[in-house]
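Here is the structure we will look at.
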Amino acid sequence: MYSKEHKREIKTLFYTSFGKYMSKKNASTGKIKWLNYPTQVKDIYFRISLETKYAEVYIDLQHQDQSLRNLFFDQFLELKTVFKNTLGQDWQWNREQENEYGKKCARITTTLNEVNLYNKDTWAETFQFFEKHLLNLDVFWSEFKDLFKDLEN
């Protein structure tokens, strides 16, 4: 078992390395920090996560008001065909779940199994998985972000 400090160091090394890996990739709007993708829509977040058995790319809808969260989720559902054409078929759509902090959210997720934060031999595969899905999310978002911004008002 790893100590808390060692876990933190490995996690920091992984995300710093991924940040450097992605630093040469531009978004549709120019250069950005991929680890903190600026959706520019309140309570919508694009996230990546690598654990001990899997990696995930996900969209979190964290609106406190459930009806507002459902409205945004329904907008994603209306775009599901375009979403799948841009990002692929392997996404799970969950209208209601709790995030890692116990906060209710809606989440759209894709997962890569059999990778591990503590196994550097799986990092290249994880980087490619994250890169592919973040770049495709950017393509989708640049096309449809304004629809979601309009829902805010």
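Naming works like this for the structure tokens: A, B, ... for the chains as they're shown, residue 1 at the start of each chain, ligands 1 onward in shown order.
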Where does segment 15-69 of chain A meet segment 119-129 of chain A within 10 Å, residue by residue, with the nearest atom pair and distance in Å to one decimal for each, counting only C-alpha atoms, listed by chain and rising number, as JSON lines?
{"residue": "A:Tyr15", "atom": "CA", "partner": "A:Phe127", "partner_atom": "CA", "distance": 9.7}
{"residue": "A:Ser17", "atom": "CA", "partner": "A:Phe127", "partner_atom": "CA", "distance": 9.1}
{"residue": "A:Phe18", "atom": "CA", "partner": "A:Phe127", "partner_atom": "CA", "distance": 6.4}
{"residue": "A:Gly19", "atom": "CA", "partner": "A:Phe127", "partner_atom": "CA", "distance": 9.6}
{"residue": "A:Tyr21", "atom": "CA", "partner": "A:Phe127", "partner_atom": "CA", "distance": 7.8}
{"residue": "A:Met22", "atom": "CA", "partner": "A:Phe127", "partner_atom": "CA", "distance": 8.6}
{"residue": "A:Ser49", "atom": "CA", "partner": "A:Thr126", "partner_atom": "CA", "distance": 9.8}
{"residue": "A:Leu50", "atom": "CA", "partner": "A:Thr126", "partner_atom": "CA", "distance": 8.0}
{"residue": "A:Thr52", "atom": "CA", "partner": "A:Asn119", "partner_atom": "CA", "distance": 8.5}
{"residue": "A:Tyr54", "atom": "CA", "partner": "A:Thr126", "partner_atom": "CA", "distance": 9.0}
{"residue": "A:Ala55", "atom": "CA", "partner": "A:Thr126", "partner_atom": "CA", "distance": 6.9}
{"residue": "A:Glu56", "atom": "CA", "partner": "A:Phe129", "partner_atom": "CA", "distance": 8.8}
{"residue": "A:Val57", "atom": "CA", "partner": "A:Phe129", "partner_atom": "CA", "distance": 8.6}
Next on the checklist: Using DSSP secondary structure from the backbone, list all alpha helix (DSSP H) positions within segment 9-143 of chain A, as number ranges by chain.
Outcome noted: A: 9-22, 66-78, 80-87, 123-143
Item to check | Non-local contacts of Ile48 of chain A (10 Å; only C-alpha atoms; under 5 positions in same chain excluded) as JSON, numbers by chain | outcome: {"A": [15, 34, 35, 36, 55, 56, 57, 58, 59, 109, 110, 111, 130, 133, 134]}
Store the residues picked out above in a file with N, CA and C atoms, as an mmCIF file, in the first residue's frame.
data_model
loop_
_atom_site.group_PDB
_atom_site.id
_atom_site.type_symbol
_atom_site.label_atom_id
_atom_site.label_comp_id
_atom_site.auth_asym_id
_atom_site.auth_seq_id
_atom_site.Cartn_x
_atom_site.Cartn_y
_atom_site.Cartn_z
ATOM 1 N N TYR A 15 -0.721 14.099 -13.630
ATOM 2 C CA TYR A 15 -1.462 15.226 -14.202
ATOM 3 C C TYR A 15 -0.535 16.305 -14.750
ATOM 4 N N TRP A 34 -6.120 22.160 -20.585
ATOM 5 C CA TRP A 34 -7.051 21.064 -20.767
ATOM 6 C C TRP A 34 -7.537 20.474 -19.459
ATOM 7 N N LEU A 35 -6.732 20.565 -18.404
ATOM 8 C CA LEU A 35 -7.136 19.976 -17.125
ATOM 9 C C LEU A 35 -8.255 20.767 -16.456
ATOM 10 N N ASN A 36 -8.466 21.973 -16.907
ATOM 11 C CA ASN A 36 -9.529 22.816 -16.357
ATOM 12 C C ASN A 36 -10.268 23.464 -17.525
ATOM 13 N N ALA A 55 -9.847 4.686 -16.162
ATOM 14 C CA ALA A 55 -9.784 6.132 -16.398
ATOM 15 C C ALA A 55 -11.139 6.557 -16.931
ATOM 16 N N GLU A 56 -11.512 7.811 -16.631
ATOM 17 C CA GLU A 56 -12.797 8.328 -17.099
ATOM 18 C C GLU A 56 -12.637 9.734 -17.659
ATOM 19 N N VAL A 57 -13.426 10.006 -18.656
ATOM 20 C CA VAL A 57 -13.671 11.367 -19.119
ATOM 21 C C VAL A 57 -15.158 11.572 -18.891
ATOM 22 N N TYR A 58 -15.515 12.678 -18.259
ATOM 23 C CA TYR A 58 -16.936 12.869 -18.002
ATOM 24 C C TYR A 58 -17.340 14.337 -18.013
ATOM 25 N N ILE A 59 -18.621 14.501 -18.251
ATOM 26 C CA ILE A 59 -19.264 15.813 -18.180
ATOM 27 C C ILE A 59 -20.136 15.784 -16.943
ATOM 28 N N THR A 109 -20.486 9.864 -19.100
ATOM 29 C CA THR A 109 -19.164 9.300 -18.843
ATOM 30 C C THR A 109 -18.729 8.306 -19.907
ATOM 31 N N THR A 110 -17.437 8.298 -20.193
ATOM 32 C CA THR A 110 -16.827 7.204 -20.940
ATOM 33 C C THR A 110 -15.645 6.697 -20.129
ATOM 34 N N THR A 111 -15.412 5.391 -20.202
ATOM 35 C CA THR A 111 -14.429 4.744 -19.327
ATOM 36 C C THR A 111 -13.445 3.903 -20.134
ATOM 37 N N PHE A 130 -7.537 10.179 -23.002
ATOM 38 C CA PHE A 130 -7.930 11.519 -22.582
ATOM 39 C C PHE A 130 -7.848 12.498 -23.747
ATOM 40 N N HIS A 133 -10.727 12.061 -26.354
ATOM 41 C CA HIS A 133 -12.051 12.485 -25.892
ATOM 42 C C HIS A 133 -12.107 13.970 -25.559
ATOM 43 N N LEU A 134 -11.048 14.541 -25.041
ATOM 44 C CA LEU A 134 -11.051 15.989 -24.774
ATOM 45 C C LEU A 134 -11.087 16.784 -26.078
#
Next on the checklist: Let's see if you can do this: from backbone DSSP, list all strand (DSSP E or B) residues in segment 15-115 of chain A, as a ChimeraX atom specification.
Outcome noted: /A:27,30,44-50,54-61,92-98,104-113
Item to check | For Asn70 of chain A: contacts at 10 Å, only C-alpha atoms, fewer than 6 positions along chain excluded, given as a PyMOL selection string | outcome: chain A and resi 61+63+76+95-96+105-106
Next on the checklist: Given only C-alpha atoms as the basis, pick out the residue of A:Thr39, A:Gln97, A:Leu87, A:Lys53 nearest to Lys145 of chain A.
Outcome noted: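 Distance minimum relative to Lys145 of chain A lands on A:Thr39.
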